[in-house]
>>> print(open('data-v5.txt').read())   # compact mmCIF, C-alpha atoms
# COMPACT_ATOMS: atom_id res chain seq x y z
CA THR A 284 23.42 -51.60 -12.40
CA GLN A 285 23.66 -50.55 -16.04
CA LEU A 286 26.81 -52.35 -17.15
CA LEU A 287 28.86 -50.66 -19.84
CA GLU A 288 31.79 -52.62 -21.18
CA GLN A 289 34.54 -50.81 -23.03
CA SER A 290 37.08 -52.40 -25.34
CA PRO A 291 39.92 -52.57 -25.58
CA GLN A 292 40.86 -51.92 -21.96
CA PHE A 293 44.37 -50.81 -22.96
CA LEU A 294 45.63 -49.49 -26.30
CA SER A 295 49.13 -48.37 -27.24
CA ILE A 296 49.68 -47.01 -30.75
CA GLN A 297 52.14 -44.96 -32.75
CA GLU A 298 51.51 -41.33 -33.57
CA GLY A 299 49.58 -41.00 -36.82
CA GLU A 300 47.67 -44.27 -36.54
CA ASN A 301 43.89 -44.55 -36.43
CA LEU A 302 41.98 -46.30 -33.65
CA THR A 303 38.47 -47.17 -32.52
CA VAL A 304 37.21 -47.63 -28.97
CA TYR A 305 33.94 -49.42 -28.28
CA CYS A 306 31.33 -49.05 -25.56
CA ASN A 307 28.74 -51.83 -25.35
CA SER A 308 25.78 -52.67 -23.15
CA SER A 309 22.66 -54.82 -23.14
CA SER A 310 20.70 -51.83 -21.80
CA VAL A 311 19.09 -49.01 -23.76
CA PHE A 312 20.22 -45.52 -22.86
CA SER A 313 18.49 -42.15 -23.28
CA SER A 314 21.81 -40.58 -24.22
CA LEU A 315 25.48 -41.40 -24.08
CA GLN A 316 28.50 -39.28 -23.26
CA TRP A 317 32.22 -39.67 -23.80
CA TYR A 318 34.77 -38.24 -21.38
CA ARG A 319 38.55 -38.08 -21.35
CA GLN A 320 40.50 -38.24 -18.12
CA GLU A 321 44.15 -37.39 -17.55
CA PRO A 322 46.18 -38.68 -14.58
CA GLY A 323 45.35 -36.92 -11.33
CA GLU A 324 42.37 -35.12 -12.79
CA GLY A 325 38.64 -35.65 -13.11
CA PRO A 326 37.03 -36.65 -16.43
CA VAL A 327 36.23 -33.91 -18.95
CA LEU A 328 33.22 -34.14 -21.26
CA LEU A 329 33.99 -34.60 -24.98
CA VAL A 330 30.53 -35.14 -26.48
CA THR A 331 26.90 -36.13 -25.85
CA VAL A 332 24.93 -38.21 -28.36
CA VAL A 333 21.18 -38.54 -27.99
CA THR A 334 19.61 -40.00 -31.14
CA GLY A 335 20.08 -43.61 -32.28
CA GLY A 336 22.47 -43.63 -35.26
CA GLU A 337 23.76 -40.15 -34.47
CA VAL A 338 27.29 -39.29 -35.55
CA LYS A 339 29.22 -36.33 -34.14
CA LYS A 340 32.65 -35.11 -35.13
CA LEU A 341 35.04 -33.16 -32.95
CA LYS A 342 38.14 -32.37 -35.05
CA ARG A 343 39.87 -35.78 -35.42
CA LEU A 344 37.41 -37.58 -33.13
CA THR A 345 34.23 -39.20 -34.49
CA PHE A 346 31.54 -40.47 -32.12
CA GLN A 347 28.66 -42.73 -33.09
CA PHE A 348 25.61 -43.84 -31.11
CA GLY A 349 24.25 -47.23 -32.10
CA ASP A 350 20.86 -47.45 -33.82
CA ALA A 351 19.39 -49.30 -30.82
CA ARG A 352 21.03 -46.86 -28.36
CA LYS A 353 22.84 -49.70 -26.59
CA ASP A 354 26.34 -49.07 -27.86
CA SER A 355 28.71 -46.38 -29.06
CA SER A 356 32.11 -45.99 -30.67
CA LEU A 357 34.85 -43.40 -30.65
CA HIS A 358 37.18 -43.24 -33.66
CA ILE A 359 40.35 -41.17 -33.61
CA THR A 360 42.08 -40.33 -36.88
CA ALA A 361 45.82 -39.69 -36.99
CA ALA A 362 46.32 -40.01 -33.24
CA GLN A 363 48.64 -37.55 -31.52
CA PRO A 364 50.48 -37.80 -28.18
CA GLY A 365 48.03 -35.23 -26.78
CA ASP A 366 45.24 -37.81 -27.23
CA THR A 367 46.80 -39.95 -24.50
CA GLY A 368 44.42 -40.52 -21.61
CA LEU A 369 41.60 -42.64 -20.19
CA TYR A 370 38.45 -42.57 -22.32
CA LEU A 371 35.18 -43.22 -20.52
CA CYS A 372 31.70 -43.66 -21.92
CA ALA A 373 28.66 -42.93 -19.76
CA GLY A 374 25.09 -43.98 -20.49
CA GLU A 375 22.04 -42.14 -19.21
CA ALA A 376 19.27 -44.12 -17.51
CA GLY A 377 16.74 -42.73 -15.05
CA ASN A 378 18.36 -39.28 -15.17
CA GLN A 379 21.63 -40.75 -13.90
CA PHE A 380 24.78 -41.55 -15.79
CA TYR A 381 26.48 -44.94 -15.49
CA PHE A 382 30.12 -45.03 -16.52
CA GLY A 383 31.92 -47.67 -18.51
CA THR A 384 35.06 -49.50 -17.48
CA GLY A 385 37.36 -47.20 -19.46
CA THR A 386 39.95 -47.48 -22.25
CA SER A 387 43.48 -46.34 -21.47
CA LEU A 388 45.08 -44.94 -24.62
CA THR A 389 48.79 -44.24 -25.04
CA VAL A 390 50.02 -42.56 -28.21
CA ILE A 391 53.74 -42.97 -28.72
CA PRO A 392 55.57 -40.14 -30.51
CA ASN B 71 38.54 -20.19 -10.84
CA ALA B 72 35.00 -21.52 -11.13
CA GLY B 73 34.62 -25.24 -10.74
CA VAL B 74 34.35 -28.12 -8.30
CA THR B 75 36.73 -28.13 -5.35
CA GLN B 76 37.46 -31.31 -3.43
CA THR B 77 39.41 -31.58 -0.20
CA PRO B 78 41.59 -33.26 0.87
CA LYS B 79 43.49 -34.54 -2.20
CA PHE B 80 45.01 -37.44 -0.28
CA GLN B 81 43.99 -39.21 2.93
CA VAL B 82 45.08 -42.30 4.83
CA LEU B 83 42.64 -43.75 7.36
CA LYS B 84 42.79 -46.65 9.75
CA THR B 85 40.03 -49.24 9.61
CA GLY B 86 37.06 -48.07 11.67
CA GLN B 87 37.85 -44.36 11.52
CA SER B 88 35.33 -41.91 10.14
CA MET B 89 35.91 -38.88 7.97
CA THR B 90 34.21 -36.41 5.65
CA LEU B 91 35.26 -35.69 2.09
CA GLN B 92 34.42 -32.12 1.18
CA CYS B 93 33.00 -30.94 -2.15
CA ALA B 94 32.07 -27.38 -3.09
CA GLN B 95 31.03 -25.85 -6.42
CA ASP B 96 30.60 -22.19 -7.32
CA MET B 97 28.65 -22.59 -10.57
CA ASN B 98 25.17 -22.65 -8.99
CA HIS B 99 24.68 -26.20 -10.25
CA GLU B 100 21.63 -28.01 -8.89
CA TYR B 101 22.87 -31.54 -9.58
CA MET B 102 25.76 -32.95 -7.53
CA SER B 103 27.06 -36.51 -7.36
CA TRP B 104 29.73 -38.60 -5.72
CA TYR B 105 31.54 -41.34 -7.65
CA ARG B 106 34.30 -43.74 -6.73
CA GLN B 107 36.82 -44.92 -9.30
CA ASP B 108 38.55 -48.29 -9.04
CA PRO B 109 40.82 -49.97 -11.61
CA GLY B 110 38.84 -51.85 -14.24
CA MET B 111 35.53 -50.73 -12.72
CA GLY B 112 35.06 -47.28 -14.20
CA LEU B 113 33.21 -44.71 -12.10
CA ARG B 114 30.45 -45.96 -9.82
CA LEU B 115 27.77 -43.68 -8.42
CA ILE B 116 27.61 -43.54 -4.62
CA HIS B 117 25.03 -40.82 -3.86
CA TYR B 118 23.54 -37.92 -5.75
CA SER B 119 21.45 -34.80 -5.16
CA VAL B 120 19.12 -32.90 -7.49
CA GLY B 121 18.93 -29.87 -5.21
CA ALA B 122 19.41 -28.58 -1.68
CA GLY B 123 17.68 -30.83 0.83
CA ILE B 124 17.27 -33.71 -1.65
CA THR B 125 19.58 -36.72 -1.81
CA ASP B 126 19.30 -40.26 -3.14
CA GLN B 127 21.34 -43.44 -3.33
CA GLY B 128 23.34 -44.58 -6.31
CA GLU B 129 24.84 -47.96 -7.17
CA VAL B 130 27.17 -48.38 -4.18
CA PRO B 131 25.80 -46.37 -1.21
CA ASN B 132 26.63 -48.73 1.66
CA GLY B 133 29.05 -47.26 4.19
CA TYR B 134 28.55 -43.68 2.99
CA ASN B 135 26.26 -40.83 4.01
CA VAL B 136 25.55 -37.50 2.34
CA SER B 137 23.61 -34.34 3.05
CA ARG B 138 22.89 -31.23 0.98
CA SER B 139 22.08 -28.24 3.15
CA THR B 140 23.21 -25.67 0.55
CA THR B 141 23.42 -25.57 -3.25
CA GLU B 142 27.21 -25.19 -3.07
CA ASP B 143 28.26 -28.01 -0.74
CA PHE B 144 27.84 -31.78 -0.91
CA PRO B 145 29.99 -33.58 1.70
CA LEU B 146 30.48 -37.35 1.68
CA ARG B 147 30.85 -39.07 5.06
CA LEU B 148 32.51 -42.42 5.61
CA LEU B 149 30.97 -43.81 8.77
CA SER B 150 33.47 -46.56 9.65
CA ALA B 151 36.22 -46.90 7.07
CA ALA B 152 37.02 -50.32 5.61
CA PRO B 153 39.86 -51.41 3.30
CA SER B 154 37.25 -51.98 0.55
CA GLN B 155 36.68 -48.23 0.54
CA THR B 156 40.22 -47.59 -0.66
CA SER B 157 39.58 -45.73 -3.91
CA VAL B 158 39.67 -42.40 -5.71
CA TYR B 159 36.57 -40.36 -5.00
CA PHE B 160 35.20 -37.79 -7.43
CA CYS B 161 32.56 -35.16 -6.86
CA ALA B 162 30.69 -33.88 -9.92
CA SER B 163 28.05 -31.25 -10.61
CA SER B 164 25.84 -30.21 -13.52
CA HIS B 165 23.14 -27.74 -14.54
CA LYS B 166 19.58 -28.59 -13.60
CA GLY B 167 17.92 -27.36 -16.79
CA THR B 168 18.87 -30.30 -18.94
CA GLY B 169 20.58 -32.29 -16.23
CA PRO B 170 23.90 -33.94 -16.91
CA ARG B 171 22.76 -34.69 -20.46
CA GLY B 172 22.87 -31.08 -21.56
CA TYR B 173 26.28 -29.93 -20.43
CA GLY B 174 27.76 -33.03 -18.90
CA TYR B 175 29.29 -33.23 -15.48
CA THR B 176 32.00 -30.93 -14.18
CA PHE B 177 34.28 -33.05 -12.05
CA GLY B 178 36.59 -32.15 -9.20
CA SER B 179 40.18 -33.38 -9.27
CA GLY B 180 39.48 -36.21 -6.83
CA THR B 181 40.40 -37.45 -3.36
CA ARG B 182 42.71 -40.45 -3.17
CA LEU B 183 41.74 -42.42 -0.05
CA THR B 184 43.65 -45.34 1.42
CA VAL B 185 42.23 -47.37 4.30
CA VAL B 186 44.75 -49.52 6.15
>>> encode(input="data-v5.txt", output="structure tokens")
Amino acid sequence: TQLLEQSPQFLSIQEGENLTVYCNSSSVFSSLQWYRQEPGEGPVLLVTVVTGGEVKKLKRLTFQFGDARKDSSLHITAAQPGDTGLYLCAGEAGNQFYFGTGTSLTVIP
Amino acid sequence: NAGVTQTPKFQVLKTGQSMTLQCAQDMNHEYMSWYRQDPGMGLRLIHYSVGAGITDQGEVPNGYNVSRSTTEDFPLRLLSAAPSQTSVYFCASSHKGTGPRGYGYTFGSGTRLTVV
């Protein structure tokens, strides 16, 4: 099992604040993906990062893949209530993706 | 609408009963997978398939069977339900060309299963 630990597990912030979510493992991954999941629905892909050190931006979301390809972070600038959801990272190993434990984010208006 | 369709959305089983969770996709995806989601555990891979007639085990395959007779369908069978199988089950599919890495998974909306 490729264990991916996410922190924090729960996060509640005010609208307009910045936040960072972390995804850490002792394993090396070929690529890493971030998904967002809303209640009662399946996860939806946000981004894929492939190269160690890679940084991708998606509007107010910034994703970084660690240099050693063992960890990743998701930074949200000026959080909005629409950002509320469960954020999941998933690391690729052996052509399969192993999901992290998840970070539940609540943005309070 | 194109996507992954899972049925049923909710199910209650008694210990020892068997049932099949249905999954169908209309995107001509080669890759299909079954995950279970439990609080604090993320999504764990049960079984997956890289094409019709080909299946393989994931992290937590015990107590589950799958088959892939067509590209579109990937049913998950619980042989003898146990309370430990109470969970939310997700089916996912992706393009073969670059695998899940290229376009990510498309997930169904899940089946919430309770075993009493």
>>> closest_atom_pairs(input="data-v5.txt", of="chain A", to="chain B", cutoff="6 Å", atoms="only C-alpha atoms", output="JSON lines")
{"residue": "A:Glu324", "atom": "CA", "partner": "B:Ser179", "partner_atom": "CA", "distance": 4.5}
{"residue": "A:Gly325", "atom": "CA", "partner": "B:Ser179", "partner_atom": "CA", "distance": 4.7}
{"residue": "A:Phe382", "atom": "CA", "partner": "B:Leu113", "partner_atom": "CA", "distance": 5.4}
{"residue": "A:Gly383", "atom": "CA", "partner": "B:Gly112", "partner_atom": "CA", "distance": 5.3}
{"residue": "A:Thr384", "atom": "CA", "partner": "B:Gly112", "partner_atom": "CA", "distance": 4.0}
{"residue": "A:Gly385", "atom": "CA", "partner": "B:Gly112", "partner_atom": "CA", "distance": 5.7}
>>> closest_residue(input="data-v5.txt", among="A:Val304, A:Gln292, A:Pro326, A:Phe312", to="Leu344 (chain A)", atoms="all atoms listed in the file")
A:Val304
>>> residues_around(input="data-v5.txt", residues="Val185 (chain B)", least_positions_apart="2", cutoff="8 Å", atoms="only C-alpha atoms", output="PyMOL selection string")
chain B and resi 82-85+151-156+183
>>> closest_residue(input="data-v5.txt", among="A:Phe380, A:Trp317, A:Tyr370, A:Phe348", to="Tyr101 (chain B)", atoms="only C-alpha atoms")
A:Phe380
>>> residues_around(input="data-v5.txt", residues="Thr367 (chain A)", least_positions_apart="4", cutoff="6 Å", atoms="all atoms listed in the file", output="list in words")
Leu388, Thr389 and Val390 of chain A
>>> residues_around(input="data-v5.txt", residues="Thr90 (chain B)", least_positions_apart="3", cutoff="9 Å", atoms="all atoms listed in the file", output="MDAnalysis selection string")
chainID B and resid 145:149
>>> write_last_selection(input="data-v5.txt", atoms="C-alpha atoms", output="JSON list (two decimals), keeping the file's coordinate frame")
[["chain", "number", "residue", "atom", "x", "y", "z"],
["B", 145, "PRO", "CA", 29.99, -33.58, 1.70],
["B", 146, "LEU", "CA", 30.48, -37.35, 1.68],
["B", 147, "ARG", "CA", 30.85, -39.07, 5.06],
["B", 148, "LEU", "CA", 32.51, -42.42, 5.61],
["B", 149, "LEU", "CA", 30.97, -43.81, 8.77]]
>>> atom_distance(input="data-v5.txt", atom1="CA of Met102 (chain B)", atom2="CA of Cys372 (chain A)")
18.9 Å
>>> atom_distance(input="data-v5.txt", atom1="CA of Val332 (chain A)", atom2="CA of Gly121 (chain B)")
25.3 Å
>>> residues_around(input="data-v5.txt", residues="Leu369 (chain A)", least_positions_apart="2", cutoff="7 Å", atoms="all atoms listed in the file", output="NGL selection string")
:A and (319-321 or 371 or 385-388)
>>> residues_near_point(input="data-v5.txt", point="(51.5, -44.2, -27.7)", cutoff="9 Å", atoms="only C-alpha atoms", output="PyMOL selection string")
chain A and resi 294-298+362-364+366-367+388-392
>>> atom_distance(input="data-v5.txt", atom1="CA of Ser355 (chain A)", atom2="CA of Val338 (chain A)")
9.7 Å
>>> build_atoms(input="data-v5.txt", residues="region 135-152 of chain B", atoms="N, CA and C atoms", output="compact mmCIF listing (two decimals), in the frame of the given file")
# COMPACT_ATOMS: atom_id res chain seq x y z
N ASN B 135 27.40 -41.71 3.82
CA ASN B 135 26.26 -40.83 4.01
C ASN B 135 26.52 -39.50 3.34
N VAL B 136 25.43 -38.84 2.92
CA VAL B 136 25.55 -37.50 2.34
C VAL B 136 24.44 -36.62 2.89
N SER B 137 24.64 -35.32 2.75
CA SER B 137 23.61 -34.34 3.05
C SER B 137 23.82 -33.16 2.11
N ARG B 138 22.79 -32.38 1.89
CA ARG B 138 22.89 -31.23 0.98
C ARG B 138 22.10 -30.08 1.60
N SER B 139 22.76 -29.35 2.47
CA SER B 139 22.08 -28.24 3.15
C SER B 139 22.15 -26.96 2.33
N THR B 140 23.11 -26.84 1.43
CA THR B 140 23.21 -25.67 0.55
C THR B 140 23.40 -26.13 -0.89
N THR B 141 23.19 -25.24 -1.84
CA THR B 141 23.42 -25.57 -3.25
C THR B 141 24.90 -25.85 -3.50
N GLU B 142 25.78 -25.14 -2.77
CA GLU B 142 27.21 -25.19 -3.07
C GLU B 142 27.92 -26.44 -2.55
N ASP B 143 27.48 -26.99 -1.43
CA ASP B 143 28.26 -28.01 -0.74
C ASP B 143 27.57 -29.37 -0.73
N PHE B 144 28.38 -30.42 -0.89
CA PHE B 144 27.84 -31.78 -0.91
C PHE B 144 28.88 -32.71 -0.28
N PRO B 145 28.98 -32.74 1.05
CA PRO B 145 29.99 -33.58 1.70
C PRO B 145 29.62 -35.06 1.70
N LEU B 146 30.65 -35.90 1.64
CA LEU B 146 30.48 -37.35 1.68
C LEU B 146 31.13 -37.86 2.97
N ARG B 147 30.35 -38.56 3.78
CA ARG B 147 30.85 -39.07 5.06
C ARG B 147 31.04 -40.57 5.01
N LEU B 148 32.24 -40.99 5.41
CA LEU B 148 32.51 -42.42 5.61
C LEU B 148 32.29 -42.71 7.10
N LEU B 149 31.39 -43.61 7.40
CA LEU B 149 30.97 -43.81 8.77
C LEU B 149 31.98 -44.62 9.58
N SER B 150 32.49 -45.69 9.01
CA SER B 150 33.47 -46.56 9.65
C SER B 150 34.31 -47.18 8.53
N ALA B 151 35.45 -46.56 8.26
CA ALA B 151 36.22 -46.90 7.07
C ALA B 151 36.65 -48.37 7.05
N ALA B 152 36.59 -48.94 5.84
CA ALA B 152 37.02 -50.32 5.61
C ALA B 152 38.00 -50.35 4.45
